[in-house]
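Asks: Below is structure13.csv; it holds CSV, C-alpha atoms.
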chain,number,residue,atom,x,y,z
B,667,MET,CA,12.7,-5.8,-32.6
B,668,GLU,CA,14.5,-6.9,-35.8
B,669,PHE,CA,11.4,-6.2,-38.0
B,670,ALA,CA,10.6,-2.7,-36.7
B,671,GLY,CA,9.5,-0.5,-39.5
B,672,LYS,CA,8.7,-3.4,-41.7
B,673,ALA,CA,5.3,-4.6,-42.9
B,674,ALA,CA,4.5,-8.3,-43.3
B,675,LEU,CA,1.7,-10.3,-44.9
B,676,VAL,CA,0.9,-13.9,-43.8
B,677,THR,CA,-1.6,-16.1,-45.6
B,678,GLY,CA,-3.5,-18.8,-43.7
B,679,ALA,CA,-3.0,-16.7,-40.6
B,680,GLY,CA,-6.3,-17.5,-38.9
B,681,ALA,CA,-5.0,-20.7,-37.2
B,682,GLY,CA,-2.1,-23.1,-37.0
B,683,ILE,CA,1.4,-22.3,-38.3
B,684,GLY,CA,0.2,-19.0,-39.9
B,685,GLU,CA,-1.2,-17.7,-36.6
B,686,ALA,CA,2.1,-18.5,-34.8
B,687,VAL,CA,4.1,-16.8,-37.6
B,688,ALA,CA,2.0,-13.7,-37.4
B,689,GLU,CA,2.5,-13.5,-33.7
B,690,ARG,CA,6.2,-14.0,-34.0
B,691,LEU,CA,6.6,-11.3,-36.6
B,692,LEU,CA,4.5,-8.9,-34.5
B,693,ALA,CA,6.7,-9.6,-31.5
B,694,GLY,CA,9.7,-8.8,-33.7
B,695,GLY,CA,8.3,-5.3,-34.3
B,696,ALA,CA,6.6,-5.8,-37.7
B,697,TRP,CA,3.2,-4.5,-38.8
B,698,VAL,CA,1.3,-7.7,-39.9
B,699,GLY,CA,-1.5,-8.2,-42.4
B,700,LEU,CA,-3.3,-11.5,-41.6
B,701,VAL,CA,-4.9,-13.0,-44.7
B,702,GLY,CA,-7.4,-15.9,-44.8
B,703,ARG,CA,-10.6,-17.2,-46.3
B,704,ARG,CA,-12.7,-16.3,-43.2
B,705,LEU,CA,-12.6,-13.0,-41.6
B,706,GLU,CA,-13.8,-14.0,-38.1
B,707,PRO,CA,-10.8,-16.2,-37.1
B,708,LEU,CA,-8.4,-13.5,-38.4
B,709,GLN,CA,-10.1,-10.9,-36.3
B,710,ALA,CA,-9.9,-13.2,-33.3
B,711,VAL,CA,-6.1,-13.6,-33.8
B,712,CYS,CA,-5.6,-9.9,-34.2
B,713,GLY,CA,-7.6,-9.2,-31.1
B,714,ARG,CA,-5.5,-11.6,-29.1
B,715,ILE,CA,-2.0,-10.6,-30.3
B,716,ASP,CA,-2.7,-6.9,-30.9
B,717,PRO,CA,-5.5,-5.8,-28.6
B,718,GLU,CA,-5.2,-2.1,-29.5
B,719,GLY,CA,-5.5,-3.0,-33.2
B,720,THR,CA,-2.7,-0.6,-34.3
B,721,ARG,CA,-0.2,-3.1,-35.8
B,722,THR,CA,-2.3,-5.8,-37.4
B,723,LEU,CA,-4.9,-5.9,-40.2
B,724,ALA,CA,-7.3,-8.8,-40.9
B,725,VAL,CA,-8.0,-9.3,-44.6
B,726,GLU,CA,-10.5,-11.8,-46.0
B,727,ALA,CA,-9.2,-13.3,-49.2
B,728,ASP,CA,-9.0,-16.6,-51.0
B,729,VAL,CA,-5.5,-17.3,-52.3
B,730,ARG,CA,-7.0,-19.1,-55.3
B,731,ASP,CA,-8.6,-15.8,-56.5
B,732,ALA,CA,-6.2,-13.5,-58.3
B,733,LYS,CA,-8.3,-10.4,-57.8
B,734,ALA,CA,-8.8,-11.2,-54.1
B,735,MET,CA,-5.0,-11.5,-53.6
B,736,GLU,CA,-4.3,-8.4,-55.6
B,737,ALA,CA,-6.8,-6.5,-53.3
B,738,ALA,CA,-5.3,-8.2,-50.2
B,739,VAL,CA,-1.8,-7.0,-50.9
B,740,GLY,CA,-3.2,-3.6,-51.8
B,741,SER,CA,-5.0,-3.4,-48.4
B,742,VAL,CA,-1.8,-4.2,-46.5
B,743,VAL,CA,0.2,-1.7,-48.5
B,744,GLY,CA,-2.6,0.9,-48.1
B,745,ARG,CA,-2.7,0.4,-44.3
B,746,PHE,CA,1.1,0.2,-43.6
B,747,GLY,CA,2.5,2.0,-46.5
B,748,ARG,CA,4.7,-0.8,-47.7
B,749,LEU,CA,5.3,-4.6,-47.9
B,750,ASP,CA,8.7,-6.0,-46.9
B,751,LEU,CA,8.0,-9.5,-45.8
B,752,ALA,CA,5.6,-12.3,-46.9
B,753,VAL,CA,4.9,-15.8,-45.6
B,754,ASN,CA,2.7,-17.8,-48.0
B,755,ASN,CA,1.4,-20.4,-45.7
B,756,ALA,CA,-2.2,-21.1,-46.7
B,757,GLY,CA,-2.8,-24.7,-47.7
B,758,ILE,CA,-5.0,-27.7,-47.3
B,759,PRO,CA,-3.9,-31.4,-46.9
B,760,GLY,CA,-6.8,-33.0,-48.7
B,761,PRO,CA,-7.8,-36.6,-48.0
B,762,ALA,CA,-5.4,-39.2,-46.8
B,763,GLY,CA,-5.0,-42.8,-47.9
B,764,VAL,CA,-6.5,-42.2,-51.4
B,765,GLY,CA,-4.6,-43.7,-54.4
B,766,VAL,CA,-4.1,-41.7,-57.6
B,767,GLU,CA,-6.5,-43.8,-59.5
B,768,SER,CA,-9.2,-43.2,-56.9
B,769,LEU,CA,-8.6,-39.5,-56.3
B,770,ASP,CA,-11.5,-37.3,-57.5
B,771,ALA,CA,-10.3,-34.8,-60.2
B,772,GLU,CA,-12.1,-31.9,-58.5
B,773,VAL,CA,-10.4,-32.7,-55.2
B,774,TRP,CA,-7.0,-32.7,-57.0
B,775,ARG,CA,-7.8,-29.4,-58.6
B,776,GLU,CA,-8.8,-27.8,-55.2
B,777,ILE,CA,-5.6,-28.9,-53.5
B,778,ILE,CA,-3.4,-27.8,-56.3
B,779,GLU,CA,-5.1,-24.5,-56.7
B,780,THR,CA,-4.9,-23.8,-52.9
B,781,ASP,CA,-1.5,-25.1,-52.1
B,782,LEU,CA,0.4,-24.3,-55.3
B,783,THR,CA,-1.5,-21.8,-57.4
B,784,GLY,CA,-2.3,-19.9,-54.2
B,785,VAL,CA,1.4,-19.4,-53.5
B,786,PHE,CA,2.0,-18.3,-57.1
B,787,LEU,CA,-0.9,-15.7,-56.9
B,788,SER,CA,0.3,-14.4,-53.6
B,789,MET,CA,3.8,-13.9,-54.9
B,790,LYS,CA,2.5,-12.4,-58.1
B,791,TYR,CA,1.2,-9.4,-56.2
B,792,GLU,CA,3.7,-9.4,-53.3
B,793,ILE,CA,6.7,-9.1,-55.5
B,794,PRO,CA,5.8,-5.7,-57.2
B,795,ALA,CA,5.1,-4.2,-53.8
B,796,MET,CA,8.6,-5.3,-52.7
B,797,LEU,CA,10.2,-4.1,-55.9
B,798,ALA,CA,8.7,-0.7,-55.1
B,799,ASN,CA,10.7,-0.8,-51.8
B,800,GLY,CA,13.9,-2.0,-53.4
B,801,SER,CA,14.0,-5.0,-51.1
B,802,GLY,CA,12.0,-7.8,-49.5
B,803,ALA,CA,12.0,-11.4,-48.2
B,804,ILE,CA,9.5,-14.2,-48.9
B,805,VAL,CA,9.1,-17.6,-47.2
B,806,ASN,CA,6.8,-20.2,-48.9
B,807,MET,CA,5.5,-23.0,-46.8
B,808,SER,CA,6.2,-26.4,-48.4
B,809,SER,CA,6.4,-29.6,-46.4
B,810,ALA,CA,8.7,-32.5,-45.5
B,811,ASN,CA,6.5,-34.3,-48.0
B,812,GLY,CA,7.5,-31.8,-50.6
B,813,LEU,CA,10.9,-33.4,-50.5
B,814,VAL,CA,9.9,-37.1,-50.4
B,815,GLY,CA,6.9,-39.1,-51.6
B,816,LEU,CA,3.8,-39.8,-49.5
B,817,ALA,CA,1.5,-42.6,-50.6
B,818,GLY,CA,-2.2,-41.8,-50.5
B,819,MET,CA,-1.7,-38.0,-50.6
B,820,ALA,CA,-0.5,-37.4,-54.2
B,821,ALA,CA,-2.1,-34.0,-54.7
B,822,TYR,CA,-0.7,-32.5,-51.5
B,823,THR,CA,2.7,-34.0,-52.2
B,824,ALA,CA,2.8,-32.8,-55.8
B,825,ALA,CA,1.7,-29.3,-54.7
B,826,LYS,CA,4.4,-29.1,-52.0
B,827,HIS,CA,7.0,-30.3,-54.4
B,828,GLY,CA,5.8,-27.6,-56.8
B,829,VAL,CA,6.1,-24.9,-54.1
B,830,ILE,CA,9.8,-25.7,-53.9
B,831,GLY,CA,10.3,-25.4,-57.7
B,832,LEU,CA,8.4,-22.1,-57.7
B,833,THR,CA,10.5,-20.8,-54.8
B,834,ARG,CA,13.8,-21.7,-56.6
B,835,SER,CA,12.7,-20.1,-59.8
B,836,ALA,CA,11.5,-16.9,-58.2
B,837,ALA,CA,14.7,-16.7,-56.1
B,838,LEU,CA,16.8,-16.7,-59.3
B,839,GLU,CA,14.6,-14.2,-61.0
B,840,LEU,CA,14.8,-11.8,-58.0
B,841,ALA,CA,18.4,-12.4,-57.0
B,842,GLY,CA,19.5,-9.1,-58.5
B,843,SER,CA,16.6,-7.1,-57.0
B,844,ASN,CA,17.5,-7.6,-53.3
B,845,ILE,CA,14.5,-9.8,-52.7
B,846,ARG,CA,15.1,-13.2,-51.2
B,847,VAL,CA,12.8,-16.2,-51.6
B,848,CYS,CA,13.1,-19.4,-49.5
B,849,ALA,CA,10.9,-22.4,-48.6
B,850,VAL,CA,10.3,-24.1,-45.2
B,851,ALA,CA,9.5,-27.8,-45.1
B,852,PRO,CA,8.0,-28.8,-41.8
B,853,GLY,CA,7.3,-32.3,-40.6
B,854,TYR,CA,4.2,-33.0,-38.6
B,855,VAL,CA,3.4,-30.0,-36.4
B,856,ALA,CA,1.3,-29.8,-33.2
B,857,THR,CA,-1.4,-27.4,-34.5
B,858,PRO,CA,-4.8,-27.4,-32.9
B,859,ARG,CA,-6.3,-29.2,-35.9
B,860,ILE,CA,-3.7,-32.0,-35.7
B,861,LEU,CA,-4.1,-32.3,-31.9
B,862,GLU,CA,-7.9,-32.6,-32.4
B,863,SER,CA,-7.3,-35.8,-34.5
B,864,GLY,CA,-6.7,-37.8,-31.3
B,865,ALA,CA,-3.8,-39.6,-29.6
B,866,GLU,CA,-3.6,-42.5,-32.1
B,867,VAL,CA,-3.1,-40.2,-35.0
B,868,THR,CA,-0.7,-37.8,-33.3
B,869,GLY,CA,1.2,-40.8,-31.9
B,870,TRP,CA,1.6,-42.2,-35.4
B,871,MET,CA,2.8,-38.7,-36.7
B,872,ALA,CA,5.3,-38.3,-33.8
B,873,GLY,CA,6.6,-41.8,-34.5
B,874,ARG,CA,7.4,-40.8,-38.1
B,875,HIS,CA,10.1,-38.4,-36.8
B,876,PRO,CA,13.3,-40.0,-35.5
B,877,VAL,CA,13.1,-37.5,-32.5
B,878,LYS,CA,9.7,-39.1,-31.7
B,879,ARG,CA,7.7,-35.9,-31.2
B,880,LEU,CA,5.8,-33.3,-33.1
B,881,ALA,CA,7.2,-29.9,-33.9
B,882,THR,CA,5.7,-27.0,-32.1
B,883,ARG,CA,4.2,-24.1,-34.1
B,884,GLU,CA,6.6,-21.7,-32.4
B,885,GLU,CA,9.6,-23.7,-33.6
B,886,VAL,CA,8.4,-23.4,-37.2
B,887,ALA,CA,7.7,-19.7,-36.7
B,888,ASP,CA,11.2,-19.1,-35.3
B,889,LEU,CA,12.7,-20.6,-38.4
B,890,VAL,CA,10.5,-18.5,-40.7
B,891,ALA,CA,11.5,-15.4,-38.7
B,892,TYR,CA,15.2,-16.2,-39.1
B,893,LEU,CA,14.8,-16.6,-42.9
B,894,LEU,CA,13.0,-13.3,-43.2
B,895,SER,CA,15.6,-11.4,-41.1
B,896,GLU,CA,18.8,-9.7,-42.1
B,897,ARG,CA,20.7,-12.5,-40.3
B,898,ALA,CA,19.8,-14.6,-43.4
B,899,ALA,CA,20.8,-12.0,-45.9
B,900,PHE,CA,22.9,-14.5,-48.0
B,901,ILE,CA,20.2,-17.2,-48.0
B,902,THR,CA,17.9,-17.4,-51.0
B,903,GLY,CA,16.5,-20.2,-53.2
B,904,SER,CA,16.9,-22.8,-50.5
B,905,VAL,CA,14.6,-25.2,-48.7
B,906,HIS,CA,14.9,-25.5,-45.0
B,907,SER,CA,13.6,-28.7,-43.3
B,908,ILE,CA,12.3,-28.7,-39.8
B,909,ASP,CA,11.2,-32.3,-39.5
B,910,GLY,CA,12.9,-34.0,-36.6
B,911,GLY,CA,15.0,-36.0,-39.0
B,912,TYR,CA,12.1,-37.3,-41.1
B,913,THR,CA,13.7,-36.7,-44.5
B,914,ALA,CA,17.1,-37.9,-43.3
B,915,GLN,CA,15.8,-41.5,-43.1
Would you write the structure of this file as structure tokens?
Replies:
Amino acid sequence: MEFAGKAALVTGAGAGIGEAVAERLLAGGAWVGLVGRRLEPLQAVCGRIDPEGTRTLAVEADVRDAKAMEAAVGSVVGRFGRLDLAVNNAGIPGPAGVGVESLDAEVWREIIETDLTGVFLSMKYEIPAMLANGSGAIVNMSSANGLVGLAGMAAYTAAKHGVIGLTRSAALELAGSNIRVCAVAPGYVATPRILESGAEVTGWMAGRHPVKRLATREEVADLVAYLLSERAAFITGSVHSIDGGYTAQ
């Protein structure tokens, strides 16, 4: 129960990695605010992991909307009295196999606004709440492709590189305030959406990792939980790959 007495906020918590992170933090004793664009999936996750509804809160908010994120953070603080932990996980991959010259400008804008600006706006309102406590920890979800290039997915790759730069800058700004900021960079993860893409696609993804399998959501959630915990008290401004050796090649 290493997170007992602490309140957490997880964006993109209605499915995938965000769902697993929310469940892991709840199991560690935290109160958890689950944030996402659609309320229904969030409520379903809350009902599954917290049937009594006493330790979770579902909050509908679009991370691209500054006012919505300000209100979301306010809702979590209003419900639990504080904010200690944040995982900025919401993101979209966008289309694959599209060259820069063929990528629609509106698609570029949507991906950048969700995957990068969404992390900025989340942190913009999470940080003051943590400063009010005198401490906090933030994990931003980048990607293995935030560390290397990926042909055909320039917007996603650029956004995930940007998340790392944002993480490092914020960590330096907050180093004297007892607030830590790190990034996690997963390879391909066996989320329901990925598994629905079929054996050919998942086989290709697994083959990109030297260990020849996909990561589990729980493996990523465990790494996130470690970085948020007091066991990682001397870790800030760093990027932590969990990619089966993908970026070691």
Asks: What is the atom CA of Val711 of chain B-atom CA of Asp750 of chain B distance in Å, reported with one decimal?
Replies: 21.2 Å
Asks: Can you tell me, as a ChimeraX atom specification, which residues sit within 12 Å of (11.8, -20.9, -57.1) in the file's frame, using only C-alpha atoms?
Replies: /B:785-786,789,804-806,808,827-841,846-849,902-905
Asks: So, counting only C-alpha atoms, which residue among B:Gly802, B:Gly699, B:Gly818, B:Gly719 is closest to Val766 of chain B?
Replies: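 The answer is B:Gly818, which sits nearest to Val766 of chain B.
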Asks: Between atom CA of Leu889 of chain B and atom CA of Ala821 of chain B, what distance in Å does the model show, to one decimal?
Replies: 25.8 Å
Asks: Give the answer as one residue: which of B:Ala762, B:Val701, B:Met807, B:Leu880 has the shortest atom-to-atom distance to Thr857 of chain B, using only C-alpha atoms?
Replies: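 Counting only C-alpha atoms, the residue closest to Thr857 of chain B is B:Leu880.
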Asks: Compile the contact shell of segment 731-739 of chain B as a PDB file with C-alpha atoms, in the coordinates of the input: residues with an atom at most 7 Å away, counting all atoms listed in the file, same-chain residues fewer than 5 positions apart removed.
Replies:
ATOM      1  CA  VAL B 725      -8.000  -9.300 -44.600  1.00  0.00           C
ATOM      2  CA  LEU B 787      -0.900 -15.700 -56.900  1.00  0.00           C
ATOM      3  CA  SER B 788       0.300 -14.400 -53.600  1.00  0.00           C
ATOM      4  CA  TYR B 791       1.200  -9.400 -56.200  1.00  0.00           C
ATOM      5  CA  GLU B 792       3.700  -9.400 -53.300  1.00  0.00           C
TER       6      GLU B 792
END
Asks: How many Å lie between atom CA of Val886 of chain B and atom CA of Gly763 of chain B, rounded to one decimal?
Replies: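 Straight-line distance from atom CA of Val886 of chain B to atom CA of Gly763 of chain B works out to 25.9 Å.
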Asks: Could you tell me which of B:Glu772, B:Val877, B:Ala688, B:Val698 comes closest to Ser741 of chain B if we count all atoms listed in the file?
Replies: B:Val698
Asks: Pick out the closest residue to Ala851 of chain B from this set: B:Leu692, B:Glu706, B:Ile683, B:Asn799. Count all atoms listed in the file.
Replies: B:Ile683
Asks: Any idea what's packed within 8 Å of Pro876 of chain B, counting all atoms listed in the file, ignoring anything in its chain fewer than 3 positions away? Could you give it as a PDB file with C-alpha atoms, keeping the file's coordinate frame?
Replies:
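New file result11.pdb:
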ATOM      1  CA  GLY B 873       6.600 -41.800 -34.500  1.00  0.00           C
ATOM      2  CA  GLY B 910      12.900 -34.000 -36.600  1.00  0.00           C
ATOM      3  CA  GLY B 911      15.000 -36.000 -39.000  1.00  0.00           C
ATOM      4  CA  TYR B 912      12.100 -37.300 -41.100  1.00  0.00           C
TER       5      TYR B 912
END
Asks: Which residue out of B:Met667, B:Leu723, B:Val764, B:Val729 has the minimum interatomic distance to Lys790 of chain B when all atoms listed in the file are used?
Replies: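 The shortest atom-to-atom distance to Lys790 of chain B comes from B:Val729.
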Asks: Write out as an NGL selection string which residues come within 9 Å of Glu668 of chain B when counting only C-alpha atoms, dropping same-chain ones fewer than 6 positions away.
Replies: :B and (694-696 or 895-896)
Asks: Counting all atoms listed in the file, which of B:Ala795, B:Glu866, B:Thr823, B:Val814 gets nearest to Gln915 of chain B?
Replies: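 Answer, going by the shortest atom-to-atom distance: B:Val814.
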